[in-house]
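What follows is work_34.cif (mmCIF, C-alpha atoms).
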data_input
#
loop_
_atom_site.label_atom_id
_atom_site.label_comp_id
_atom_site.auth_asym_id
_atom_site.auth_seq_id
_atom_site.Cartn_x
_atom_site.Cartn_y
_atom_site.Cartn_z
CA MET A 1 267.71 0.25 112.15
CA SER A 2 264.72 -1.17 114.07
CA ARG A 3 262.90 -4.26 112.92
CA LYS A 4 259.19 -4.70 113.59
CA ILE A 5 258.33 -8.20 114.79
CA ILE A 6 254.57 -8.74 114.51
CA ILE A 7 252.91 -10.96 117.09
CA ASP A 8 249.55 -12.23 116.00
CA ILE A 9 246.57 -13.09 118.17
CA SER A 10 247.29 -16.22 120.26
CA ASP A 11 250.99 -15.85 119.68
CA ALA A 12 254.15 -14.76 121.46
CA ARG A 13 257.77 -13.96 120.84
CA VAL A 14 260.93 -13.77 122.95
CA SER A 15 263.82 -11.60 121.85
CA ASN A 16 267.25 -10.44 122.97
CA ASN A 17 267.87 -8.37 119.84
CA PRO A 18 267.98 -4.64 120.64
CA THR A 19 266.91 -3.75 117.12
CA ASP A 20 263.57 -5.55 117.50
CA VAL A 21 260.27 -3.79 118.18
CA LEU A 22 257.80 -6.45 119.29
CA THR A 23 254.40 -5.40 118.03
CA THR A 24 250.87 -6.63 118.31
CA TYR A 25 247.68 -5.11 116.93
CA SER A 26 244.01 -4.92 117.83
CA LEU A 27 244.07 -5.90 121.47
CA GLY A 28 240.35 -5.88 122.23
CA SER A 29 239.25 -8.23 124.97
CA CYS A 30 242.62 -9.96 124.55
CA ILE A 31 245.54 -9.07 126.78
CA GLY A 32 249.01 -8.12 125.56
CA VAL A 33 251.80 -8.75 128.07
CA CYS A 34 255.25 -7.21 127.73
CA LEU A 35 258.09 -8.63 129.81
CA TYR A 36 261.54 -7.01 129.82
CA ASP A 37 264.67 -7.66 131.86
CA PRO A 38 266.77 -4.49 131.57
CA SER A 39 269.93 -6.18 132.85
CA THR A 40 270.06 -8.81 130.15
CA GLY A 41 268.06 -7.07 127.42
CA ILE A 42 265.78 -10.10 127.15
CA GLY A 43 262.16 -9.35 126.47
CA SER A 44 258.96 -10.89 125.23
CA MET A 45 255.42 -10.21 124.23
CA LEU A 46 252.33 -12.41 124.51
CA HIS A 47 248.94 -11.74 122.92
CA TYR A 48 246.43 -14.12 124.49
CA GLN A 49 242.71 -14.51 123.92
CA LEU A 50 241.40 -16.56 126.82
CA PRO A 51 242.12 -16.78 130.55
CA ALA A 52 242.60 -20.48 131.24
CA SER A 53 243.69 -23.57 129.33
CA SER A 54 241.18 -25.63 131.32
CA MET A 55 238.55 -24.09 129.05
CA ASP A 56 239.85 -26.24 126.17
CA ILE A 57 242.74 -28.51 127.07
CA GLN A 58 243.12 -29.95 123.57
CA ARG A 59 243.21 -26.49 122.03
CA ALA A 60 245.76 -25.39 124.61
CA LYS A 61 248.09 -28.21 123.52
CA GLU A 62 247.85 -27.06 119.92
CA SER A 63 247.87 -23.34 120.62
CA PRO A 64 249.33 -22.64 124.08
CA PHE A 65 249.62 -18.89 123.49
CA MET A 66 245.85 -18.65 123.12
CA PHE A 67 245.58 -18.97 126.93
CA ALA A 68 247.10 -16.85 129.67
CA ASP A 69 248.39 -19.70 131.84
CA THR A 70 250.02 -21.87 129.18
CA GLY A 71 251.32 -18.85 127.28
CA MET A 72 252.91 -17.17 130.27
CA LYS A 73 254.51 -20.41 131.46
CA ILE A 74 256.27 -20.92 128.14
CA LEU A 75 257.34 -17.30 127.96
CA LEU A 76 258.71 -17.11 131.48
CA ASP A 77 260.46 -20.47 131.23
CA LYS A 78 262.11 -19.35 127.99
CA MET A 79 263.21 -15.99 129.35
CA LEU A 80 264.60 -17.52 132.52
CA SER A 81 266.49 -20.17 130.52
CA MET A 82 268.10 -17.33 128.56
CA GLY A 83 269.30 -15.65 131.75
CA ALA A 84 266.46 -13.30 132.72
CA ASN A 85 265.51 -12.94 136.37
CA LYS A 86 261.94 -12.73 137.65
CA LYS A 87 262.78 -10.06 140.20
CA ARG A 88 264.25 -7.83 137.48
CA ILE A 89 261.58 -8.40 134.84
CA GLN A 90 259.38 -5.37 134.19
CA VAL A 91 255.78 -6.31 133.41
CA LYS A 92 253.43 -4.13 131.39
CA VAL A 93 249.94 -5.16 130.41
CA ALA A 94 247.38 -3.79 127.96
CA GLY A 95 243.97 -4.74 126.60
CA GLY A 96 241.13 -6.47 128.39
CA ALA A 97 238.52 -4.16 126.86
CA ALA A 98 234.80 -4.87 126.85
CA MET A 99 234.19 -5.29 123.15
CA GLU A 100 230.72 -5.55 121.65
CA ASN A 101 231.72 -8.15 119.12
CA GLY A 102 234.17 -10.04 121.30
CA PRO A 103 234.39 -13.78 121.80
CA ALA A 104 231.55 -15.48 123.58
CA GLY A 105 231.70 -15.43 127.35
CA PHE A 106 230.74 -12.87 129.89
CA ASP A 107 233.14 -9.90 130.02
CA ILE A 108 236.03 -11.95 128.73
CA GLY A 109 238.22 -8.83 128.81
CA LYS A 110 237.91 -8.62 132.58
CA ARG A 111 238.49 -12.35 132.99
CA ASN A 112 241.60 -12.11 130.84
CA TYR A 113 242.90 -9.31 133.02
CA LEU A 114 242.19 -11.22 136.23
CA ALA A 115 243.99 -14.21 134.74
CA ILE A 116 247.24 -12.30 134.24
CA ARG A 117 246.97 -10.78 137.71
CA LYS A 118 246.65 -14.29 139.16
CA ILE A 119 249.57 -15.66 137.16
CA LEU A 120 251.82 -12.79 138.19
CA TRP A 121 250.78 -13.24 141.84
CA GLN A 122 251.67 -16.94 141.60
CA ASN A 123 255.05 -15.97 140.16
CA GLY A 124 255.72 -13.27 142.74
CA MET A 125 255.75 -10.48 140.17
CA PHE A 126 254.21 -7.01 140.13
CA ILE A 127 252.50 -5.27 137.23
CA ASP A 128 254.68 -2.20 136.65
CA ALA A 129 252.24 -0.45 134.35
CA GLU A 130 248.94 -1.20 132.66
CA ASP A 131 246.40 0.21 130.27
CA VAL A 132 243.35 -2.03 130.50
CA GLY A 133 239.59 -1.97 130.24
CA GLY A 134 237.52 0.56 128.36
CA SER A 135 235.98 -0.40 125.04
CA SER A 136 238.57 0.50 122.43
CA PRO A 137 241.18 -1.72 120.81
CA ARG A 138 244.86 -1.06 121.40
CA ASN A 139 248.12 -1.63 119.53
CA LEU A 140 251.12 -2.49 121.67
CA TYR A 141 254.84 -2.03 121.03
CA LEU A 142 257.90 -3.14 123.02
CA ASP A 143 261.14 -1.49 121.97
CA MET A 144 263.83 -4.01 122.74
CA SER A 145 266.60 -1.40 122.68
CA CYS A 146 265.42 0.07 125.98
CA GLY A 147 262.28 -1.75 127.16
CA THR A 148 259.96 1.17 126.43
CA VAL A 149 256.36 0.09 125.93
CA THR A 150 254.02 2.19 123.81
CA ILE A 151 250.27 1.97 123.36
CA LYS A 152 248.30 3.36 120.45
CA SER A 153 244.55 3.62 120.75
CA ASN A 154 241.90 5.88 119.27
CA GLY A 155 244.52 7.97 117.53
CA PHE A 156 246.42 8.62 120.76
CA GLU A 157 249.83 7.32 121.68
CA LYS A 158 251.37 6.99 125.12
CA ASN A 159 254.22 5.24 126.90
CA LEU A 160 253.35 2.82 129.67
CA MET B 1 269.57 -1.74 157.83
CA ALA B 2 267.36 -4.85 158.04
CA LEU B 3 263.78 -4.12 159.02
CA ASN B 4 261.86 -6.16 161.56
CA ILE B 5 258.19 -6.17 160.62
CA LEU B 6 255.16 -7.20 162.69
CA ILE B 7 252.01 -8.26 160.82
CA VAL B 8 248.85 -8.20 162.93
CA ASP B 9 245.73 -9.75 161.41
CA ASP B 10 243.38 -12.53 162.50
CA SER B 11 243.31 -13.87 158.93
CA LEU B 12 246.09 -16.38 158.26
CA LEU B 13 245.80 -15.90 154.51
CA THR B 14 246.01 -12.13 154.78
CA ARG B 15 249.15 -12.40 156.90
CA LYS B 16 250.64 -14.77 154.35
CA ALA B 17 249.71 -12.51 151.45
CA VAL B 18 251.26 -9.49 153.16
CA LYS B 19 254.41 -11.50 153.92
CA ARG B 20 254.56 -12.60 150.30
CA ILE B 21 254.30 -9.05 148.99
CA ILE B 22 257.03 -7.87 151.38
CA GLY B 23 259.23 -10.59 149.87
CA MET B 24 258.33 -9.46 146.36
CA ILE B 25 259.25 -5.85 147.11
CA GLY B 26 262.77 -6.94 147.99
CA LEU B 27 263.13 -4.89 151.16
CA ASP B 28 266.06 -5.54 153.43
CA VAL B 29 264.05 -7.49 155.99
CA GLY B 30 265.36 -9.03 159.19
CA ASN B 31 262.47 -10.82 160.90
CA ILE B 32 258.82 -10.89 159.97
CA VAL B 33 256.69 -11.74 162.98
CA GLU B 34 252.95 -12.41 163.01
CA ALA B 35 250.18 -11.93 165.52
CA GLU B 36 246.48 -12.76 165.36
CA ASN B 37 245.28 -9.94 167.59
CA GLY B 38 246.31 -6.88 169.56
CA VAL B 39 247.09 -8.83 172.74
CA ASP B 40 249.62 -11.09 171.02
CA ALA B 41 251.04 -8.13 169.10
CA LEU B 42 251.75 -6.15 172.29
CA LYS B 43 253.49 -9.18 173.83
CA ILE B 44 255.70 -9.42 170.78
CA LEU B 45 256.45 -5.70 170.92
CA ASP B 46 257.51 -6.12 174.57
CA GLU B 47 260.05 -8.76 173.65
CA THR B 48 261.19 -7.97 170.13
CA LYS B 49 262.56 -4.95 168.34
CA VAL B 50 260.08 -4.05 165.60
CA ASP B 51 260.58 -1.34 162.99
CA LEU B 52 257.20 -1.41 161.28
CA VAL B 53 253.73 -2.64 162.28
CA LEU B 54 251.12 -3.58 159.69
CA ALA B 55 247.80 -3.99 161.48
CA ASP B 56 244.19 -4.89 160.83
CA LEU B 57 241.61 -3.16 163.01
CA ASN B 58 238.82 -5.72 163.34
CA MET B 59 240.30 -8.58 165.38
CA PRO B 60 239.21 -10.76 168.31
CA GLU B 61 240.54 -10.30 171.90
CA MET B 62 241.92 -6.83 171.16
CA GLY B 63 241.30 -4.89 167.99
CA GLY B 64 243.72 -2.64 166.18
CA ILE B 65 242.41 0.65 167.55
CA GLU B 66 242.99 -0.37 171.18
CA MET B 67 246.37 -1.87 170.26
CA ILE B 68 247.43 1.40 168.63
CA HIS B 69 246.28 3.44 171.65
CA LYS B 70 248.40 1.23 173.92
CA MET B 71 251.39 1.45 171.56
CA LYS B 72 251.18 5.23 171.58
CA THR B 73 251.42 5.32 175.38
CA GLY B 74 254.37 2.90 175.61
CA GLU B 75 257.88 4.36 175.81
CA THR B 76 259.42 1.72 173.56
CA THR B 77 256.47 1.43 171.18
CA LYS B 78 255.16 4.95 170.62
CA ALA B 79 257.58 5.77 167.83
CA ILE B 80 257.13 2.56 165.85
CA PRO B 81 255.47 3.39 162.53
CA VAL B 82 252.09 1.74 162.02
CA VAL B 83 250.21 1.19 158.77
CA ILE B 84 246.65 -0.04 159.10
CA VAL B 85 245.36 -2.58 156.58
CA THR B 86 241.64 -2.55 157.07
CA THR B 87 238.07 -2.92 155.89
CA GLU B 88 237.15 0.20 157.89
CA SER B 89 235.19 2.55 155.66
CA SER B 90 234.66 5.46 158.04
CA THR B 91 236.90 8.36 157.06
CA THR B 92 236.25 9.82 160.54
CA ARG B 93 237.84 6.84 162.22
CA ILE B 94 240.73 6.72 159.77
CA LYS B 95 241.42 10.44 160.27
CA GLU B 96 241.42 9.99 164.06
CA LEU B 97 243.98 7.22 163.76
CA LEU B 98 246.14 9.27 161.41
CA MET B 99 246.05 12.14 163.89
CA GLU B 100 247.15 9.73 166.59
CA GLY B 101 250.22 8.99 164.59
CA VAL B 102 249.34 6.07 162.32
CA LYS B 103 251.50 6.62 159.26
CA ASP B 104 249.13 5.46 156.55
CA TYR B 105 246.28 3.12 155.73
CA LEU B 106 245.34 0.64 153.06
CA HIS B 107 241.82 -0.57 152.39
CA LYS B 108 241.07 -4.22 151.84
CA PRO B 109 240.85 -5.58 149.22
CA PHE B 110 244.20 -4.36 147.93
CA THR B 111 246.43 -5.28 145.03
CA SER B 112 250.07 -6.15 145.59
CA GLU B 113 250.97 -2.93 143.72
CA GLU B 114 248.86 -0.79 146.05
CA PHE B 115 250.48 -2.44 149.07
CA LYS B 116 253.96 -1.89 147.64
CA GLU B 117 253.25 1.80 147.08
CA ILE B 118 251.98 2.38 150.63
CA ILE B 119 254.89 0.56 152.26
CA SER B 120 257.53 2.25 150.10
CA HIS B 121 255.96 5.63 150.82
CA THR B 122 255.79 4.93 154.55
CA LEU B 123 259.40 3.83 154.74
CA GLU B 124 260.49 6.94 152.82
CA LYS B 125 258.56 9.18 155.23
CA THR B 126 259.93 7.34 158.25
CA ASN B 127 263.55 7.36 157.13
CA GLY B 128 263.22 11.00 156.07
CA MET C 1 215.02 -5.50 147.34
CA VAL C 2 216.67 -4.88 143.97
CA ASP C 3 218.91 -2.27 145.58
CA THR C 4 220.04 -4.81 148.19
CA GLU C 5 220.79 -7.37 145.52
CA ASN C 6 222.73 -4.82 143.46
CA ASN C 7 224.68 -3.64 146.49
CA LEU C 8 225.54 -7.18 147.53
CA THR C 9 226.62 -8.14 144.01
CA GLU C 10 228.72 -5.00 143.63
CA ALA C 11 230.51 -5.39 146.97
CA PHE C 12 231.04 -9.12 146.49
CA SER C 13 232.25 -8.81 142.90
CA LYS C 14 234.83 -6.14 143.72
CA THR C 15 236.07 -8.25 146.63
CA ILE C 16 236.34 -11.53 144.79
CA GLU C 17 238.08 -9.93 141.80
CA LYS C 18 240.70 -8.13 143.82
CA MET C 19 241.26 -10.74 146.53
CA ALA C 20 241.04 -13.91 144.48
CA PHE C 21 241.13 -12.99 140.78
CA LEU C 22 237.69 -14.53 140.22
CA SER C 23 234.73 -13.00 138.43
CA VAL C 24 230.99 -13.23 138.83
CA MET C 25 229.35 -14.63 135.69
CA PRO C 26 225.79 -15.09 134.47
CA MET C 27 224.01 -18.07 135.95
CA GLU C 28 224.26 -21.22 133.87
CA LYS C 29 221.81 -24.05 133.45
CA ASP C 30 222.33 -27.14 135.62
CA MET C 31 224.87 -25.66 137.96
CA VAL C 32 225.97 -28.12 140.63
CA ILE C 33 224.40 -27.47 144.01
CA PRO C 34 227.04 -27.83 146.74
CA GLU C 35 226.49 -30.77 149.08
CA LYS C 36 229.05 -29.85 151.71
CA THR C 37 228.62 -26.21 152.56
CA ILE C 38 230.41 -23.64 154.66
CA LEU C 39 228.70 -20.53 156.02
CA ALA C 40 230.53 -17.36 156.98
CA GLU C 41 228.80 -14.51 158.73
CA ILE C 42 229.59 -11.07 160.02
CA SER C 43 227.31 -8.67 161.85
CA PHE C 44 227.28 -4.91 162.02
CA THR C 45 225.63 -2.16 164.04
CA GLY C 46 225.22 1.48 163.22
CA PRO C 47 222.64 3.55 161.32
CA LYS C 48 221.49 0.13 160.12
CA SER C 49 222.19 -3.14 161.93
CA GLY C 50 222.24 -6.60 160.48
CA THR C 51 224.18 -9.63 159.35
CA LEU C 52 225.88 -10.57 156.13
CA GLN C 53 226.07 -14.27 155.38
CA ILE C 54 227.90 -16.08 152.60
CA LEU C 55 227.15 -19.75 151.92
CA THR C 56 229.07 -21.84 149.44
CA GLY C 57 230.51 -25.28 148.84
CA VAL C 58 233.77 -26.58 150.24
CA ASP C 59 235.20 -26.89 146.72
CA PHE C 60 234.85 -23.18 146.12
CA THR C 61 236.60 -22.34 149.38
CA LYS C 62 239.57 -24.45 148.22
CA VAL C 63 239.80 -22.39 145.02
CA LEU C 64 239.50 -19.22 147.09
CA ALA C 65 242.27 -20.24 149.49
CA GLU C 66 244.50 -21.40 146.66
CA ASN C 67 244.13 -18.16 144.72
CA ILE C 68 244.63 -15.87 147.72
CA SER C 69 247.71 -17.77 148.87
CA ALA C 70 249.21 -18.20 145.39
CA GLY C 71 248.80 -21.93 145.72
CA ASP C 72 250.49 -22.31 149.11
CA GLU C 73 247.48 -23.02 151.31
CA THR C 74 244.56 -25.33 150.56
CA GLY C 75 243.99 -27.13 153.86
CA GLU C 76 240.79 -26.93 155.88
CA ASN C 77 241.97 -24.05 158.06
CA ALA C 78 242.91 -22.04 155.00
CA CYS C 79 239.51 -22.71 153.40
CA LEU C 80 237.64 -21.53 156.49
CA ASP C 81 239.92 -18.53 156.78
CA ALA C 82 239.41 -17.64 153.13
CA LEU C 83 235.63 -17.60 153.44
CA LYS C 84 235.73 -15.59 156.67
CA GLU C 85 237.99 -13.01 155.08
CA LEU C 86 235.75 -12.92 152.00
CA ALA C 87 232.79 -12.09 154.24
CA ASN C 88 234.86 -9.56 156.17
CA VAL C 89 236.06 -7.68 153.11
CA THR C 90 232.69 -7.89 151.30
CA CYS C 91 231.05 -6.37 154.37
CA GLY C 92 233.67 -3.61 154.36
CA LEU C 93 232.74 -2.69 150.80
CA LEU C 94 229.02 -3.11 151.42
CA LEU C 95 228.61 -0.83 154.42
CA PRO C 96 229.47 2.43 152.61
CA LEU C 97 226.63 1.57 150.22
CA LEU C 98 224.24 1.50 153.19
CA LEU C 99 225.22 4.89 154.58
CA ILE C 100 222.47 7.32 155.31
CA SER C 101 224.89 10.21 155.88
CA PRO C 102 228.67 10.53 155.31
CA GLN C 103 229.28 10.85 159.07
CA ASP C 104 227.71 7.44 159.74
CA VAL C 105 229.93 4.91 161.46
CA PHE C 106 229.46 1.16 161.64
CA ASP C 107 230.85 -1.33 164.12
CA VAL C 108 231.42 -4.86 162.87
CA THR C 109 231.93 -8.17 164.61
CA VAL C 110 234.74 -10.56 163.86
CA PRO C 111 233.52 -12.96 161.14
CA THR C 112 232.65 -16.53 162.08
CA VAL C 113 232.22 -19.76 160.12
CA LEU C 114 229.95 -22.77 160.40
CA CYS C 115 230.88 -25.95 158.60
CA GLY C 116 229.99 -29.62 158.46
CA GLU C 117 226.71 -30.46 160.15
CA ASN C 118 226.40 -26.96 161.57
CA SER C 119 226.32 -25.35 158.15
CA PRO C 120 222.89 -25.01 156.54
CA GLN C 121 222.00 -27.07 153.49
CA TRP C 122 221.95 -25.11 150.25
CA ASN C 123 218.21 -25.45 149.57
CA GLU C 124 217.33 -24.61 153.15
CA PHE C 125 219.39 -21.41 152.97
CA THR C 126 218.34 -20.24 149.53
CA THR C 127 214.61 -20.92 149.75
CA GLY C 128 212.19 -18.39 151.10
CA GLN C 129 214.38 -15.58 152.35
CA SER C 130 215.97 -12.94 150.17
CA ASN C 131 219.25 -14.21 148.82
CA CYS C 132 221.57 -13.29 146.07
CA VAL C 133 222.82 -16.42 144.31
CA LEU C 134 225.85 -15.90 142.13
CA ASN C 135 227.93 -17.95 139.73
CA VAL C 136 231.61 -17.46 140.45
CA GLU C 137 233.33 -19.16 137.54
CA GLY C 138 231.23 -22.28 137.84
CA TYR C 139 230.75 -22.29 141.62
CA LEU C 140 227.52 -21.27 143.34
CA VAL C 141 227.73 -18.70 146.11
CA ALA C 142 224.69 -17.46 148.04
CA ILE C 143 224.79 -14.17 149.87
CA ARG C 144 222.19 -12.92 152.30
CA LEU C 145 221.87 -9.57 154.01
CA SER C 146 219.39 -9.46 156.85
CA TYR C 147 218.57 -6.47 159.01
CA ASN C 148 217.74 -6.58 162.72
#
Take the structure I supplied and represent it as structure tokens, if you would.
Amino acid sequence: MSRKIIIDISDARVSNNPTDVLTTYSLGSCIGVCLYDPSTGIGSMLHYQLPASSMDIQRAKESPFMFADTGMKILLDKMLSMGANKKRIQVKVAGGAAMENGPAGFDIGKRNYLAIRKILWQNGMFIDAEDVGGSSPRNLYLDMSCGTVTIKSNGFEKNL
Amino acid sequence: MALNILIVDDSLLTRKAVKRIIGMIGLDVGNIVEAENGVDALKILDETKVDLVLADLNMPEMGGIEMIHKMKTGETTKAIPVVIVTTESSTTRIKELLMEGVKDYLHKPFTSEEFKEIISHTLEKTNG
Amino acid sequence: MVDTENNLTEAFSKTIEKMAFLSVMPMEKDMVIPEKTILAEISFTGPKSGTLQILTGVDFTKVLAENISAGDETGENACLDALKELANVTCGLLLPLLLISPQDVFDVTVPTVLCGENSPQWNEFTTGQSNCVLNVEGYLVAIRLSYN
């Protein structure tokens, strides 16, 4: 019996429970990152809003998952401490849309996407699949039983 | 079998980036050697067994096109697979190089995923 | 003129995003004018002939080198190399936008850099002639395309 674990905006969750389905809604200009190590069954999801903690260092201390760099560092450190391996981790990314009513800042969706690309490059990791850009919000699901990532947007559903 | 790879590019950072991506792919790699231009690359090919050449075209001293021509006429170098990593936009020139035996090409700027796909595809084609 | 500016911005933006994970943003008030500059240039011949130049501050080239190398390289050589490669790749994306016919072929030189006293001052470079001045995440970058 699967259990939906909701990840809010500026939040993240790590899991090794195969009954969990990590879920986040309304990815607009935000980016949702799914990480999954198939060997250990350890996975995580991050829903971040802004590309860099340097934009607001105080805020980043209070809410590290709001930013790509601080959020990903915590997530990766946690997964590795649980036994995951960077070389095995599958990375799937969604969001980064250009939203009309998004947060202030020029094309923040694109900047958010470039931020995760940079972080993954620094960590020596590839993006295995992505669904980014456009102008529609997305819902994102990571099935911890098998690592399958699903996107729902505009009434359509697809696996990444 | 461990691959020996030669990276030919006058940009230090590009050579480093390519080397980094090769490490990320997790290929069975023996030696990775670097050269800044076609002259240095040909010297290395004279002295070292190389299984794959990744080459820029626009370089000082000797560019990639001349280097490839010389490789294709050398007994020990003509069969070495070459992938060009280039800013060259002319499809005419790219097609000529492909007809000369270059295995594939990748336009700069490239993502690490695009590079991985080209290299994996090239090695599959080469190993049959 | 507007076409040139659009073409330069398009080629540069695509390059900087893919190579260095940086984006071009709207100009801000009171942006800091770089004191120590580095100039990279690359020339081309073909259906049109000319030179592409990119001028920016040393600080930006450090960010560029750091991003391209995943943090491994930030020394002076890496900074110069980063800016040369930026000019090289930008030119590669720019030239197809200048084609008159699909069969056109361009030849390009190897990019060069000028730094220290040999590099032009920012105001000297950006005044008078047609330039495209861009804000790359808080750093000023000036790009000039001149035809022979």
- Query: Could you pull the residues within 12 Å of B:Ile22, counting all atoms listed in the file, minus those fewer than 6 positions along the same chain, as a list of chain:residue names?
  - Reply: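 Residues near the query, excluding close chain neighbours: A:Gly124, A:Met125, A:Phe126, B:Leu3, B:Asn4, B:Ile5, B:Leu6, B:Ile7, B:Arg15, B:Lys16, B:Asp28, B:Val29, B:Gly30, B:Asn31, B:Ile32, B:Leu52, B:Leu54, B:Ser112, B:Glu113, B:Phe115, B:Lys116, B:Glu117, B:Ile118, B:Ile119, B:Ser120.
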- For chain B, which residues have at least one atom within 10 Å of chain C, if we go by only C-alpha atoms? Write them as a PyMOL selection string, please. chain B and resi 10-18+20+58-61+63+86-93+107-112
- Message: Taking all atoms listed in the file into account and nothing else, which residues of chain A lie no more than 8 Å away from chain C? Please answer as a PyMOL selection string.
- Response: chain A and resi 106+110-111+114-115+117-118+121-122
Go ahead and dump the residues you just picked, C-alpha atoms, as a JSON list (two decimals), keeping the file's coordinate frame.
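Wrote out39.json, looks like this:
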[["chain", "number", "residue", "atom", "x", "y", "z"],
["A", 106, "PHE", "CA", 230.74, -12.87, 129.89],
["A", 110, "LYS", "CA", 237.91, -8.62, 132.58],
["A", 111, "ARG", "CA", 238.49, -12.35, 132.99],
["A", 114, "LEU", "CA", 242.19, -11.22, 136.23],
["A", 115, "ALA", "CA", 243.99, -14.21, 134.74],
["A", 117, "ARG", "CA", 246.97, -10.78, 137.71],
["A", 118, "LYS", "CA", 246.65, -14.29, 139.16],
["A", 121, "TRP", "CA", 250.78, -13.24, 141.84],
["A", 122, "GLN", "CA", 251.67, -16.94, 141.60]]
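Each of C:Ser130, C:Glu5, C:Leu98, C:Glu10 was checked against C:Phe44 using all atoms listed in the file; the smallest atom-to-atom distance is that of C:Leu98.
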- Task: Determine the residue set returned by the PyMOL selection byres ((chain A and resi 29) around 10) for the present structure, and present it as a ChimeraX atom specification.
- Result: /A:26-28,30-32,48-50,94-103,107-113,132-138
- Residues picked by the PyMOL selection byres ((chain C and resi 141) around 8) here, as a ChimeraX atom specification? /C:54-57,133-136,139-140,142-143
- Determine the nearest neighbour of chain A from the options B:Gly23, B:Pro81, B:Gly38, B:Gly101, counting only C-alpha atoms. B:Gly23
- Message: One decimal, in Å: what's the spacing between atom CA of B:Ile80 and atom CA of B:Glu114?
- Response: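 Taking atom CA of B:Ile80 as the start and atom CA of B:Glu114 as the end point, the length is 21.7 Å.
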- Item | atom CA of B:Val33 to atom CA of B:Val53, distance in Å rounded to a single decimal | 9.6 Å
- Message: I'd like to see the residues matched by the PyMOL selection byres ((chain A and resi 4) around 6) on this file, and ideally I'd get them as a list in words.
- Response: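 After applying the PyMOL selection byres ((chain A and resi 4) around 6), what remains is Arg3, Ile5, Asp20 and Val21 of chain A.
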- Using all atoms listed in the file, pick whichever of A:Leu160, A:Ile57, A:Met144, A:Ala129 has the shortest atom-to-atom distance to chain B. A:Ala129
- What gap, in Å, lies between atom CA of C:Tyr147 and atom CA of C:Thr45?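 Atom-to-atom, atom CA of C:Tyr147 and atom CA of C:Thr45 are spaced 9.7 Å apart.
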- For B:Val85, list every protein, DNA or RNA residue within 6 Å, evaluated using only C-alpha atoms, and leave out those in the same chain fewer than 6 positions away; present the list as a PyMOL selection string. chain B and resi 55-56+105-107
Enclosing box along x, y and z for every listed atom of stretch 133-147 of chain A, padded 4 Å each side, centre and size in Å, one decimal, as AutoDock Vina command-line options:
--center_x 251.3 --center_y -1.7 --center_z 124.9 --size_x 38.6 --size_y 12.6 --size_z 18.7
- Note on the structure: For chain B, the closest of A:Glu130, A:Asp143, A:Glu157, A:Asp77 counting all atoms listed in the file is A:Glu130
Completion step: stretch 36-47 of chain C with N, CA and C atoms as a tab-separated table (two decimals), keeping the file's coordinate frame:
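Contents of part.tsv, freshly written:
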chain	number	residue	atom	x	y	z
C	36	LYS	N	228.39	-30.25	150.46
C	36	LYS	CA	229.05	-29.85	151.71
C	36	LYS	C	229.25	-28.35	151.67
C	37	THR	N	228.58	-27.68	152.59
C	37	THR	CA	228.62	-26.21	152.56
C	37	THR	C	229.40	-25.64	153.74
C	38	ILE	N	229.81	-24.41	153.56
C	38	ILE	CA	230.41	-23.64	154.66
C	38	ILE	C	229.72	-22.28	154.67
C	39	LEU	N	229.37	-21.82	155.86
C	39	LEU	CA	228.70	-20.53	156.02
C	39	LEU	C	229.60	-19.58	156.79
C	40	ALA	N	229.80	-18.40	156.23
C	40	ALA	CA	230.53	-17.36	156.98
C	40	ALA	C	229.56	-16.24	157.27
C	41	GLU	N	229.67	-15.65	158.45
C	41	GLU	CA	228.80	-14.51	158.73
C	41	GLU	C	229.51	-13.44	159.54
C	42	ILE	N	229.04	-12.23	159.32
C	42	ILE	CA	229.59	-11.07	160.02
C	42	ILE	C	228.45	-10.11	160.29
C	43	SER	N	228.41	-9.57	161.48
C	43	SER	CA	227.31	-8.67	161.85
C	43	SER	C	227.82	-7.25	162.01
C	44	PHE	N	226.90	-6.31	161.88
C	44	PHE	CA	227.28	-4.91	162.02
C	44	PHE	C	226.18	-4.15	162.74
C	45	THR	N	226.59	-3.08	163.40
C	45	THR	CA	225.63	-2.16	164.04
C	45	THR	C	226.00	-0.74	163.65
C	46	GLY	N	224.98	0.10	163.63
C	46	GLY	CA	225.22	1.48	163.22
C	46	GLY	C	223.90	2.09	162.80
C	47	PRO	N	223.91	2.99	161.81
C	47	PRO	CA	222.64	3.55	161.32
C	47	PRO	C	221.68	2.46	160.85
